Amino acid sequence: MARLSFLGLGVMGAPMARHLAGAGHEVTVYNRTRGKAEAWVAAHGGEVAATPAAAAQGAAAVFACVGRDEDLAAVTLGTEGAFATMAPGALFVDHTTVSATLARRLAQEGAARGLHVVDAPVSGGQAGAENGTLSIMCGGTAEALAMATPLMQAYAARIVHVGAAGAGQQTKMVNQIAIAGVLGGLAEALRFAQKSGLDLDRVLEAVSGGAAQSWQMVNRWPTMAEDRFDFGFAIDWMRKDLGLALDEARANGAVLPVAALIDQFYAEVQQMGGGRQDTSALVRRLK
């Protein structure tokens, strides 16, 4: 059993924190909306902290899963941030999808305080968090990863150390670039099949066993065909992630024409009122 803290109890953070508590750890939680933290404690035990600094006090490891760069900076480096009270030798694991620049800054700031820092964005969505089957891509030192891995195994099916600080965030960008391209092709394929008057179930059976098969095809083709988009990862968050990837590409010289195009297609769906719908709602823009 370890004394841990978890900052951010959204659709991803709440179940991850639950898995840590279920593994026998003593978990103190902080959430910007205190009511969510109180409800989590009522359901899973532990304690509620008023600030990130209070949550981190005395913790062997602090986990975060918030929204954007500014949110993560606030809960770590702000006046009441976790780094202010974390003891030398403690571990900080960030599951937020943020810029590689901020990930590197946190690693540097943490090292100056004697902390071990891992940038560890995740893939697998809300279902993966609920079921404890997330894939985690990690950046940081080997020592930090050795500390973090036994804890993250409570909610992960795959943990990969991809490189130094920031590499985890860059790998998440790779993930999102790939997903955007797949969904763009899948949306066009589905609409083509519909316009051709084909039996969509038979088409899926035929093509999902070959080279065109993907997770998105198997899991989203049926729901896209039924215009159901009320689950999964929201377009608003995908656009945030693609923005991070496009910014990083401008810095490293990578060329991302397809990702940039899909990002603009998502902007159209946002204008149609679909910002909170699943990323498969990309198909809506194809009449």
# chains A, B, ... in the order shown; residues from 1 in each chain; ligands from 1
>>> closest_atom_pairs(of="range 83-192 of chain A", to="range 21-37 of chain A", cutoff="10 Å", atoms="only C-alpha atoms", output="tab-separated table")
residue	atom	partner	partner_atom	distance
A:Leu151	CA	A:Ala23	CA	8.7
A:Gln153	CA	A:Ala23	CA	9.7
A:Ala154	CA	A:Ala23	CA	6.6
A:Tyr155	CA	A:Ala23	CA	9.6
>>> write_last_selection(atoms="N, CA and C atoms", output="PDB file, in the first residue's frame")
ATOM      1  N   LEU A 151       2.482   0.922 -10.276  1.00  0.00           N
ATOM      2  CA  LEU A 151       1.272   1.654  -9.925  1.00  0.00           C
ATOM      3  C   LEU A 151       0.334   1.751 -11.123  1.00  0.00           C
ATOM      4  N   GLN A 153       0.050  -0.191 -13.550  1.00  0.00           N
ATOM      5  CA  GLN A 153      -0.495  -1.501 -13.939  1.00  0.00           C
ATOM      6  C   GLN A 153      -1.893  -1.737 -13.383  1.00  0.00           C
ATOM      7  N   ALA A 154      -2.312  -0.931 -12.419  1.00  0.00           N
ATOM      8  CA  ALA A 154      -3.662  -1.064 -11.871  1.00  0.00           C
ATOM      9  C   ALA A 154      -4.724  -0.735 -12.913  1.00  0.00           C
ATOM     10  N   TYR A 155      -4.380   0.063 -13.936  1.00  0.00           N
ATOM     11  CA  TYR A 155      -5.381   0.455 -14.930  1.00  0.00           C
ATOM     12  C   TYR A 155      -4.866   0.374 -16.368  1.00  0.00           C
TER      13      TYR A 155
END
>>> select_by_dssp(residues="range 76-267 of chain A", states="strand (DSSP E or B)", output="VMD selection string")
chain A and resid 91 to 94 116 to 119 122 to 123 134 to 139 156 to 163 234
>>> write_last_selection(atoms="C-alpha atoms", output="PDB file, in the first residue's frame")
ATOM      1  CA  LEU A  91       6.982  10.477  -8.181  1.00  0.00           C
ATOM      2  CA  PHE A  92       4.803  12.615 -10.454  1.00  0.00           C
ATOM      3  CA  VAL A  93       2.892  10.949 -13.297  1.00  0.00           C
ATOM      4  CA  ASP A  94       0.939  13.058 -15.770  1.00  0.00           C
ATOM      5  CA  HIS A 116      10.810  11.767 -10.573  1.00  0.00           C
ATOM      6  CA  VAL A 117       8.530  12.876 -13.421  1.00  0.00           C
ATOM      7  CA  VAL A 118       6.834  10.815 -16.125  1.00  0.00           C
ATOM      8  CA  ASP A 119       4.739  12.177 -18.985  1.00  0.00           C
ATOM      9  CA  VAL A 122      -3.047   7.352 -22.521  1.00  0.00           C
ATOM     10  CA  SER A 123      -5.019   5.745 -25.317  1.00  0.00           C
ATOM     11  CA  LEU A 134      -5.415   1.593 -21.150  1.00  0.00           C
ATOM     12  CA  SER A 135      -2.321   1.827 -23.309  1.00  0.00           C
ATOM     13  CA  ILE A 136       0.194   4.257 -21.807  1.00  0.00           C
ATOM     14  CA  MET A 137       3.048   5.887 -23.706  1.00  0.00           C
ATOM     15  CA  CYS A 138       5.710   7.170 -21.327  1.00  0.00           C
ATOM     16  CA  GLY A 139       8.503   9.693 -21.416  1.00  0.00           C
ATOM     17  CA  ALA A 156      -3.180  -0.349 -17.916  1.00  0.00           C
ATOM     18  CA  ALA A 157      -2.938  -3.269 -20.327  1.00  0.00           C
ATOM     19  CA  ARG A 158       0.172  -1.869 -22.025  1.00  0.00           C
ATOM     20  CA  ILE A 159       2.906   0.449 -20.740  1.00  0.00           C
ATOM     21  CA  VAL A 160       5.700   1.450 -23.117  1.00  0.00           C
ATOM     22  CA  HIS A 161       8.717   3.617 -22.294  1.00  0.00           C
ATOM     23  CA  VAL A 162       9.245   5.478 -25.556  1.00  0.00           C
ATOM     24  CA  GLY A 163      12.032   7.877 -24.586  1.00  0.00           C
ATOM     25  CA  ALA A 234     -15.159  14.266 -27.997  1.00  0.00           C
TER      26      ALA A 234
END
>>> residues_around(residues="range 260-266 of chain A", least_positions_apart="2", cutoff="12 Å", atoms="only C-alpha atoms", output="PyMOL selection string")
chain A and resi 176-185+187+234-247+249-250+254-258+268-286
>>> write_last_selection(atoms="C-alpha atoms", output="PDB file, in the first residue's frame")
ATOM      1  CA  GLN A 176      -3.953  11.139 -32.738  1.00  0.00           C
ATOM      2  CA  ILE A 177      -2.522  11.870 -36.198  1.00  0.00           C
ATOM      3  CA  ALA A 178      -3.067   8.225 -37.139  1.00  0.00           C
ATOM      4  CA  ILE A 179      -6.606   8.107 -35.730  1.00  0.00           C
ATOM      5  CA  ALA A 180      -7.598  11.291 -37.562  1.00  0.00           C
ATOM      6  CA  GLY A 181      -6.485   9.840 -40.889  1.00  0.00           C
ATOM      7  CA  VAL A 182      -8.260   6.546 -40.294  1.00  0.00           C
ATOM      8  CA  LEU A 183     -11.530   8.261 -39.357  1.00  0.00           C
ATOM      9  CA  GLY A 184     -11.342  10.504 -42.406  1.00  0.00           C
ATOM     10  CA  GLY A 185     -11.086   7.477 -44.685  1.00  0.00           C
ATOM     11  CA  ALA A 187     -16.243   8.333 -42.969  1.00  0.00           C
ATOM     12  CA  ALA A 234     -15.159  14.266 -27.997  1.00  0.00           C
ATOM     13  CA  ILE A 235     -14.303  16.276 -31.092  1.00  0.00           C
ATOM     14  CA  ASP A 236     -13.470  19.296 -28.914  1.00  0.00           C
ATOM     15  CA  TRP A 237     -10.692  17.272 -27.276  1.00  0.00           C
ATOM     16  CA  MET A 238      -9.499  15.808 -30.572  1.00  0.00           C
ATOM     17  CA  ARG A 239      -9.095  19.306 -31.993  1.00  0.00           C
ATOM     18  CA  LYS A 240      -7.068  20.245 -28.928  1.00  0.00           C
ATOM     19  CA  ASP A 241      -4.836  17.228 -29.482  1.00  0.00           C
ATOM     20  CA  LEU A 242      -4.442  17.831 -33.205  1.00  0.00           C
ATOM     21  CA  GLY A 243      -3.541  21.444 -32.414  1.00  0.00           C
ATOM     22  CA  LEU A 244      -0.725  20.190 -30.193  1.00  0.00           C
ATOM     23  CA  ALA A 245       0.501  17.910 -32.983  1.00  0.00           C
ATOM     24  CA  LEU A 246       0.381  20.681 -35.586  1.00  0.00           C
ATOM     25  CA  ASP A 247       2.270  23.033 -33.258  1.00  0.00           C
ATOM     26  CA  ALA A 249       5.177  19.737 -36.391  1.00  0.00           C
ATOM     27  CA  ARG A 250       5.852  23.408 -37.044  1.00  0.00           C
ATOM     28  CA  ALA A 254       7.227  17.524 -39.989  1.00  0.00           C
ATOM     29  CA  VAL A 255       4.611  17.952 -42.717  1.00  0.00           C
ATOM     30  CA  LEU A 256       1.052  16.977 -41.730  1.00  0.00           C
ATOM     31  CA  PRO A 257      -1.307  17.878 -44.592  1.00  0.00           C
ATOM     32  CA  VAL A 258      -3.873  15.167 -43.823  1.00  0.00           C
ATOM     33  CA  GLU A 268     -16.991  22.152 -39.525  1.00  0.00           C
ATOM     34  CA  VAL A 269     -18.606  19.523 -37.292  1.00  0.00           C
ATOM     35  CA  GLN A 270     -18.105  21.827 -34.301  1.00  0.00           C
ATOM     36  CA  GLN A 271     -19.967  24.531 -36.209  1.00  0.00           C
ATOM     37  CA  MET A 272     -22.757  21.997 -36.739  1.00  0.00           C
ATOM     38  CA  GLY A 273     -23.035  21.625 -32.946  1.00  0.00           C
ATOM     39  CA  GLY A 274     -21.058  18.400 -32.714  1.00  0.00           C
ATOM     40  CA  GLY A 275     -18.174  19.489 -30.525  1.00  0.00           C
ATOM     41  CA  ARG A 276     -19.111  17.179 -27.671  1.00  0.00           C
ATOM     42  CA  GLN A 277     -19.854  14.221 -29.925  1.00  0.00           C
ATOM     43  CA  ASP A 278     -17.495  11.325 -30.482  1.00  0.00           C
ATOM     44  CA  THR A 279     -14.742  11.792 -33.086  1.00  0.00           C
ATOM     45  CA  SER A 280     -16.603   9.431 -35.429  1.00  0.00           C
ATOM     46  CA  ALA A 281     -19.129  12.241 -35.909  1.00  0.00           C
ATOM     47  CA  LEU A 282     -16.719  13.400 -38.606  1.00  0.00           C
ATOM     48  CA  VAL A 283     -19.055  11.530 -40.965  1.00  0.00           C
ATOM     49  CA  ARG A 284     -21.766  14.155 -40.339  1.00  0.00           C
ATOM     50  CA  ARG A 285     -20.102  16.644 -42.660  1.00  0.00           C
ATOM     51  CA  LEU A 286     -20.516  14.229 -45.593  1.00  0.00           C
TER      52      LEU A 286
END
>>> residues_around(residues="range 15-17 of chain A", least_positions_apart="5", cutoff="7 Å", atoms="only C-alpha atoms", output="PDB file with all heavy atoms, in the first residue's frame")
ATOM      1  N   PHE A   6      -4.400  11.937  -6.473  1.00  0.00           N
ATOM      2  CA  PHE A   6      -4.836  12.012  -7.864  1.00  0.00           C
ATOM      3  C   PHE A   6      -5.508  13.357  -8.081  1.00  0.00           C
ATOM      4  O   PHE A   6      -6.454  13.717  -7.373  1.00  0.00           O
ATOM      5  CB  PHE A   6      -5.796  10.874  -8.202  1.00  0.00           C
ATOM      6  CG  PHE A   6      -5.767  10.496  -9.655  1.00  0.00           C
ATOM      7  CD1 PHE A   6      -5.113   9.344 -10.073  1.00  0.00           C
ATOM      8  CD2 PHE A   6      -6.349  11.304 -10.616  1.00  0.00           C
ATOM      9  CE1 PHE A   6      -5.057   8.999 -11.420  1.00  0.00           C
ATOM     10  CE2 PHE A   6      -6.299  10.983 -11.959  1.00  0.00           C
ATOM     11  CZ  PHE A   6      -5.645   9.823 -12.371  1.00  0.00           C
ATOM     12  N   ALA A 129     -10.266   3.271 -19.540  1.00  0.00           N
ATOM     13  CA  ALA A 129     -10.056   3.705 -18.156  1.00  0.00           C
ATOM     14  C   ALA A 129     -10.964   2.934 -17.208  1.00  0.00           C
ATOM     15  O   ALA A 129     -10.536   2.474 -16.143  1.00  0.00           O
ATOM     16  CB  ALA A 129     -10.299   5.210 -18.037  1.00  0.00           C
ATOM     17  N   GLU A 130     -12.224   2.771 -17.582  1.00  0.00           N
ATOM     18  CA  GLU A 130     -13.179   2.056 -16.734  1.00  0.00           C
ATOM     19  C   GLU A 130     -12.769   0.596 -16.553  1.00  0.00           C
ATOM     20  O   GLU A 130     -12.854   0.046 -15.451  1.00  0.00           O
ATOM     21  CB  GLU A 130     -14.581   2.136 -17.332  1.00  0.00           C
ATOM     22  CG  GLU A 130     -15.200   3.521 -17.361  1.00  0.00           C
ATOM     23  CD  GLU A 130     -15.691   3.988 -16.007  1.00  0.00           C
ATOM     24  OE1 GLU A 130     -15.643   3.195 -15.051  1.00  0.00           O
ATOM     25  OE2 GLU A 130     -16.124   5.157 -15.905  1.00  0.00           O
ATOM     26  N   TYR A 155      -4.380   0.063 -13.936  1.00  0.00           N
ATOM     27  CA  TYR A 155      -5.381   0.455 -14.930  1.00  0.00           C
ATOM     28  C   TYR A 155      -4.866   0.374 -16.368  1.00  0.00           C
ATOM     29  O   TYR A 155      -5.495   0.933 -17.277  1.00  0.00           O
ATOM     30  CB  TYR A 155      -5.900   1.876 -14.647  1.00  0.00           C
ATOM     31  CG  TYR A 155      -4.825   2.894 -14.327  1.00  0.00           C
ATOM     32  CD1 TYR A 155      -4.080   3.491 -15.333  1.00  0.00           C
ATOM     33  CD2 TYR A 155      -4.576   3.257 -13.003  1.00  0.00           C
ATOM     34  CE1 TYR A 155      -3.103   4.430 -15.034  1.00  0.00           C
ATOM     35  CE2 TYR A 155      -3.601   4.188 -12.697  1.00  0.00           C
ATOM     36  CZ  TYR A 155      -2.876   4.773 -13.715  1.00  0.00           C
ATOM     37  OH  TYR A 155      -1.906   5.702 -13.416  1.00  0.00           O
TER      38      TYR A 155
END
>>> closest_residue(among="A:Ala165, A:Leu9, A:Ala225, A:Leu20", to="Val48 in chain A", atoms="only C-alpha atoms")
A:Leu9
>>> closest_residue(among="A:Val207, A:Leu106, A:Met147, A:Ala60", to="Gly78 in chain A", atoms="only C-alpha atoms")
A:Leu106
>>> closest_residue(among="A:Gly89, A:Gly125, A:Gly8, A:Gly140", to="Val75 in chain A", atoms="only C-alpha atoms")
A:Gly8
>>> atom_distance(atom1="CA of Gly128 in chain A", atom2="CA of Glu70 in chain A")
25.3 Å
>>> closest_residue(among="A:Ala56, A:Ala90, A:Ala259, A:Leu204", to="Thr76 in chain A", atoms="only C-alpha atoms")
A:Ala56
>>> atom_distance(atom1="CA of Ala82 in chain A", atom2="CA of Pro52 in chain A")
4.9 Å
>>> decode(residues="range 6-157 of chain A", atoms="C-alpha atoms", output="PDB file, in the first residue's frame")
ATOM      1  CA  PHE A   6      -4.836  12.012  -7.864  1.00  0.00           C
ATOM      2  CA  LEU A   7      -5.515  15.432  -9.405  1.00  0.00           C
ATOM      3  CA  GLY A   8      -8.473  15.582 -11.791  1.00  0.00           C
ATOM      4  CA  LEU A   9     -11.523  13.329 -11.641  1.00  0.00           C
ATOM      5  CA  GLY A  10     -13.020  13.590 -15.095  1.00  0.00           C
ATOM      6  CA  VAL A  11     -14.180  10.680 -17.240  1.00  0.00           C
ATOM      7  CA  MET A  12     -10.607   9.365 -17.392  1.00  0.00           C
ATOM      8  CA  GLY A  13      -9.149  10.384 -14.037  1.00  0.00           C
ATOM      9  CA  ALA A  14     -12.005   9.143 -11.842  1.00  0.00           C
ATOM     10  CA  PRO A  15     -11.801   5.497 -12.962  1.00  0.00           C
ATOM     11  CA  MET A  16      -7.989   5.507 -12.911  1.00  0.00           C
ATOM     12  CA  ALA A  17      -8.055   6.763  -9.340  1.00  0.00           C
ATOM     13  CA  ARG A  18     -10.659   4.096  -8.554  1.00  0.00           C
ATOM     14  CA  HIS A  19      -8.360   1.367  -9.810  1.00  0.00           C
ATOM     15  CA  LEU A  20      -5.552   2.679  -7.607  1.00  0.00           C
ATOM     16  CA  ALA A  21      -7.843   2.614  -4.579  1.00  0.00           C
ATOM     17  CA  GLY A  22      -9.008  -0.858  -5.572  1.00  0.00           C
ATOM     18  CA  ALA A  23      -5.387  -2.014  -5.602  1.00  0.00           C
ATOM     19  CA  GLY A  24      -5.194  -1.144  -1.926  1.00  0.00           C
ATOM     20  CA  HIS A  25      -3.561   2.279  -2.053  1.00  0.00           C
ATOM     21  CA  GLU A  26      -4.574   5.179   0.133  1.00  0.00           C
ATOM     22  CA  VAL A  27      -5.738   7.846  -2.326  1.00  0.00           C
ATOM     23  CA  THR A  28      -6.280  11.549  -1.677  1.00  0.00           C
ATOM     24  CA  VAL A  29      -8.093  13.309  -4.505  1.00  0.00           C
ATOM     25  CA  TYR A  30      -8.392  16.859  -5.746  1.00  0.00           C
ATOM     26  CA  ASN A  31     -10.784  18.178  -8.366  1.00  0.00           C
ATOM     27  CA  ARG A  32     -11.466  21.752  -9.397  1.00  0.00           C
ATOM     28  CA  THR A  33     -15.179  21.081  -8.851  1.00  0.00           C
ATOM     29  CA  ARG A  34     -15.095  19.886  -5.253  1.00  0.00           C
ATOM     30  CA  GLY A  35     -18.426  18.080  -5.509  1.00  0.00           C
ATOM     31  CA  LYS A  36     -16.891  15.517  -7.873  1.00  0.00           C
ATOM     32  CA  ALA A  37     -14.114  14.805  -5.395  1.00  0.00           C
ATOM     33  CA  GLU A  38     -16.571  14.408  -2.535  1.00  0.00           C
ATOM     34  CA  ALA A  39     -18.719  12.035  -4.598  1.00  0.00           C
ATOM     35  CA  TRP A  40     -15.648   9.996  -5.542  1.00  0.00           C
ATOM     36  CA  VAL A  41     -14.585   9.649  -1.895  1.00  0.00           C
ATOM     37  CA  ALA A  42     -18.120   8.705  -0.873  1.00  0.00           C
ATOM     38  CA  ALA A  43     -17.985   5.877  -3.403  1.00  0.00           C
ATOM     39  CA  HIS A  44     -14.371   4.717  -3.080  1.00  0.00           C
ATOM     40  CA  GLY A  45     -12.941   5.997   0.192  1.00  0.00           C
ATOM     41  CA  GLY A  46      -9.873   8.127   0.678  1.00  0.00           C
ATOM     42  CA  GLU A  47      -9.777  11.844   1.357  1.00  0.00           C
ATOM     43  CA  VAL A  48     -10.616  15.095  -0.407  1.00  0.00           C
ATOM     44  CA  ALA A  49      -7.977  17.834  -0.552  1.00  0.00           C
ATOM     45  CA  ALA A  50      -8.787  21.514  -0.969  1.00  0.00           C
ATOM     46  CA  THR A  51      -5.789  22.215  -3.204  1.00  0.00           C
ATOM     47  CA  PRO A  52      -3.298  20.250  -5.305  1.00  0.00           C
ATOM     48  CA  ALA A  53      -0.600  21.195  -2.797  1.00  0.00           C
ATOM     49  CA  ALA A  54      -2.635  19.757   0.057  1.00  0.00           C
ATOM     50  CA  ALA A  55      -3.320  16.575  -1.923  1.00  0.00           C
ATOM     51  CA  ALA A  56       0.378  16.085  -2.646  1.00  0.00           C
ATOM     52  CA  GLN A  57       1.552  16.635   0.925  1.00  0.00           C
ATOM     53  CA  GLY A  58       3.193  13.400   2.096  1.00  0.00           C
ATOM     54  CA  ALA A  59       2.270  11.431  -1.045  1.00  0.00           C
ATOM     55  CA  ALA A  60       4.732   8.905  -2.439  1.00  0.00           C
ATOM     56  CA  ALA A  61       3.281   9.507  -5.912  1.00  0.00           C
ATOM     57  CA  VAL A  62       1.024  12.148  -7.427  1.00  0.00           C
ATOM     58  CA  PHE A  63      -1.029  11.486 -10.578  1.00  0.00           C
ATOM     59  CA  ALA A  64      -2.716  14.089 -12.749  1.00  0.00           C
ATOM     60  CA  CYS A  65      -5.309  13.891 -15.505  1.00  0.00           C
ATOM     61  CA  VAL A  66      -6.693  17.339 -16.219  1.00  0.00           C
ATOM     62  CA  GLY A  67      -7.565  19.223 -19.412  1.00  0.00           C
ATOM     63  CA  ARG A  68      -5.025  21.440 -21.093  1.00  0.00           C
ATOM     64  CA  ASP A  69      -1.539  22.863 -20.677  1.00  0.00           C
ATOM     65  CA  GLU A  70      -2.763  25.711 -18.503  1.00  0.00           C
ATOM     66  CA  ASP A  71      -4.698  23.343 -16.233  1.00  0.00           C
ATOM     67  CA  LEU A  72      -1.691  21.086 -15.732  1.00  0.00           C
ATOM     68  CA  ALA A  73       0.614  24.040 -15.083  1.00  0.00           C
ATOM     69  CA  ALA A  74      -1.826  25.332 -12.471  1.00  0.00           C
ATOM     70  CA  VAL A  75      -2.059  22.053 -10.520  1.00  0.00           C
ATOM     71  CA  THR A  76       1.704  21.518 -10.563  1.00  0.00           C
ATOM     72  CA  LEU A  77       3.534  24.841 -10.706  1.00  0.00           C
ATOM     73  CA  GLY A  78       0.853  27.242  -9.504  1.00  0.00           C
ATOM     74  CA  THR A  79       0.937  28.927  -6.114  1.00  0.00           C
ATOM     75  CA  GLU A  80      -1.031  25.990  -4.675  1.00  0.00           C
ATOM     76  CA  GLY A  81       0.443  23.427  -7.036  1.00  0.00           C
ATOM     77  CA  ALA A  82       1.559  19.930  -6.121  1.00  0.00           C
ATOM     78  CA  PHE A  83       5.259  20.562  -6.740  1.00  0.00           C
ATOM     79  CA  ALA A  84       5.301  23.018  -3.829  1.00  0.00           C
ATOM     80  CA  THR A  85       4.735  20.257  -1.260  1.00  0.00           C
ATOM     81  CA  MET A  86       6.056  17.073  -2.883  1.00  0.00           C
ATOM     82  CA  ALA A  87       9.039  15.649  -1.035  1.00  0.00           C
ATOM     83  CA  PRO A  88      12.341  14.857  -2.782  1.00  0.00           C
ATOM     84  CA  GLY A  89      12.223  11.338  -4.169  1.00  0.00           C
ATOM     85  CA  ALA A  90       8.466  11.431  -4.811  1.00  0.00           C
ATOM     86  CA  LEU A  91       6.982  10.477  -8.181  1.00  0.00           C
ATOM     87  CA  PHE A  92       4.803  12.615 -10.454  1.00  0.00           C
ATOM     88  CA  VAL A  93       2.892  10.949 -13.297  1.00  0.00           C
ATOM     89  CA  ASP A  94       0.939  13.058 -15.770  1.00  0.00           C
ATOM     90  CA  HIS A  95      -1.793  11.383 -17.815  1.00  0.00           C
ATOM     91  CA  THR A  96      -3.016  14.617 -19.396  1.00  0.00           C
ATOM     92  CA  THR A  97      -2.467  15.095 -23.120  1.00  0.00           C
ATOM     93  CA  VAL A  98      -0.448  18.309 -23.286  1.00  0.00           C
ATOM     94  CA  SER A  99       2.422  19.835 -25.233  1.00  0.00           C
ATOM     95  CA  ALA A 100       5.820  18.173 -25.223  1.00  0.00           C
ATOM     96  CA  THR A 101       7.188  21.582 -24.235  1.00  0.00           C
ATOM     97  CA  LEU A 102       5.263  21.561 -20.957  1.00  0.00           C
ATOM     98  CA  ALA A 103       6.191  17.917 -20.333  1.00  0.00           C
ATOM     99  CA  ARG A 104       9.872  18.791 -20.632  1.00  0.00           C
ATOM    100  CA  ARG A 105       9.428  21.815 -18.390  1.00  0.00           C
ATOM    101  CA  LEU A 106       7.789  19.718 -15.682  1.00  0.00           C
ATOM    102  CA  ALA A 107      10.628  17.199 -15.914  1.00  0.00           C
ATOM    103  CA  GLN A 108      13.171  19.995 -15.482  1.00  0.00           C
ATOM    104  CA  GLU A 109      11.282  21.658 -12.643  1.00  0.00           C
ATOM    105  CA  GLY A 110      10.775  18.299 -10.983  1.00  0.00           C
ATOM    106  CA  ALA A 111      14.432  17.344 -11.266  1.00  0.00           C
ATOM    107  CA  ALA A 112      15.404  20.605  -9.589  1.00  0.00           C
ATOM    108  CA  ARG A 113      13.200  19.568  -6.654  1.00  0.00           C
ATOM    109  CA  GLY A 114      14.462  15.984  -6.584  1.00  0.00           C
ATOM    110  CA  LEU A 115      11.244  14.589  -8.061  1.00  0.00           C
ATOM    111  CA  HIS A 116      10.810  11.767 -10.573  1.00  0.00           C
ATOM    112  CA  VAL A 117       8.530  12.876 -13.421  1.00  0.00           C
ATOM    113  CA  VAL A 118       6.834  10.815 -16.125  1.00  0.00           C
ATOM    114  CA  ASP A 119       4.739  12.177 -18.985  1.00  0.00           C
ATOM    115  CA  ALA A 120       2.282   9.352 -19.592  1.00  0.00           C
ATOM    116  CA  PRO A 121      -0.620  10.181 -21.911  1.00  0.00           C
ATOM    117  CA  VAL A 122      -3.047   7.352 -22.521  1.00  0.00           C
ATOM    118  CA  SER A 123      -5.019   5.745 -25.317  1.00  0.00           C
ATOM    119  CA  GLY A 124      -8.104   3.605 -24.957  1.00  0.00           C
ATOM    120  CA  GLY A 125     -10.737   6.161 -24.089  1.00  0.00           C
ATOM    121  CA  GLN A 126     -13.223   6.137 -21.254  1.00  0.00           C
ATOM    122  CA  ALA A 127     -13.918   2.438 -21.730  1.00  0.00           C
ATOM    123  CA  GLY A 128     -10.219   1.659 -21.340  1.00  0.00           C
ATOM    124  CA  ALA A 129     -10.056   3.705 -18.156  1.00  0.00           C
ATOM    125  CA  GLU A 130     -13.179   2.056 -16.734  1.00  0.00           C
ATOM    126  CA  ASN A 131     -11.968  -1.442 -17.590  1.00  0.00           C
ATOM    127  CA  GLY A 132      -8.337  -0.899 -16.604  1.00  0.00           C
ATOM    128  CA  THR A 133      -7.076  -1.660 -20.120  1.00  0.00           C
ATOM    129  CA  LEU A 134      -5.415   1.593 -21.150  1.00  0.00           C
ATOM    130  CA  SER A 135      -2.321   1.827 -23.309  1.00  0.00           C
ATOM    131  CA  ILE A 136       0.194   4.257 -21.807  1.00  0.00           C
ATOM    132  CA  MET A 137       3.048   5.887 -23.706  1.00  0.00           C
ATOM    133  CA  CYS A 138       5.710   7.170 -21.327  1.00  0.00           C
ATOM    134  CA  GLY A 139       8.503   9.693 -21.416  1.00  0.00           C
ATOM    135  CA  GLY A 140      11.040  10.122 -18.626  1.00  0.00           C
ATOM    136  CA  THR A 141      14.002   8.428 -17.013  1.00  0.00           C
ATOM    137  CA  ALA A 142      14.269   4.679 -16.584  1.00  0.00           C
ATOM    138  CA  GLU A 143      14.284   5.175 -12.809  1.00  0.00           C
ATOM    139  CA  ALA A 144      11.044   7.147 -12.902  1.00  0.00           C
ATOM    140  CA  LEU A 145       9.408   4.526 -15.120  1.00  0.00           C
ATOM    141  CA  ALA A 146      10.479   1.745 -12.769  1.00  0.00           C
ATOM    142  CA  MET A 147       8.706   3.561  -9.948  1.00  0.00           C
ATOM    143  CA  ALA A 148       5.592   4.354 -11.953  1.00  0.00           C
ATOM    144  CA  THR A 149       5.001   1.045 -13.730  1.00  0.00           C
ATOM    145  CA  PRO A 150       3.778  -1.068 -10.773  1.00  0.00           C
ATOM    146  CA  LEU A 151       1.272   1.654  -9.925  1.00  0.00           C
ATOM    147  CA  MET A 152       0.038   2.230 -13.479  1.00  0.00           C
ATOM    148  CA  GLN A 153      -0.495  -1.501 -13.939  1.00  0.00           C
ATOM    149  CA  ALA A 154      -3.662  -1.064 -11.871  1.00  0.00           C
ATOM    150  CA  TYR A 155      -5.381   0.455 -14.930  1.00  0.00           C
ATOM    151  CA  ALA A 156      -3.180  -0.349 -17.916  1.00  0.00           C
ATOM    152  CA  ALA A 157      -2.938  -3.269 -20.327  1.00  0.00           C
TER     153      ALA A 157
END
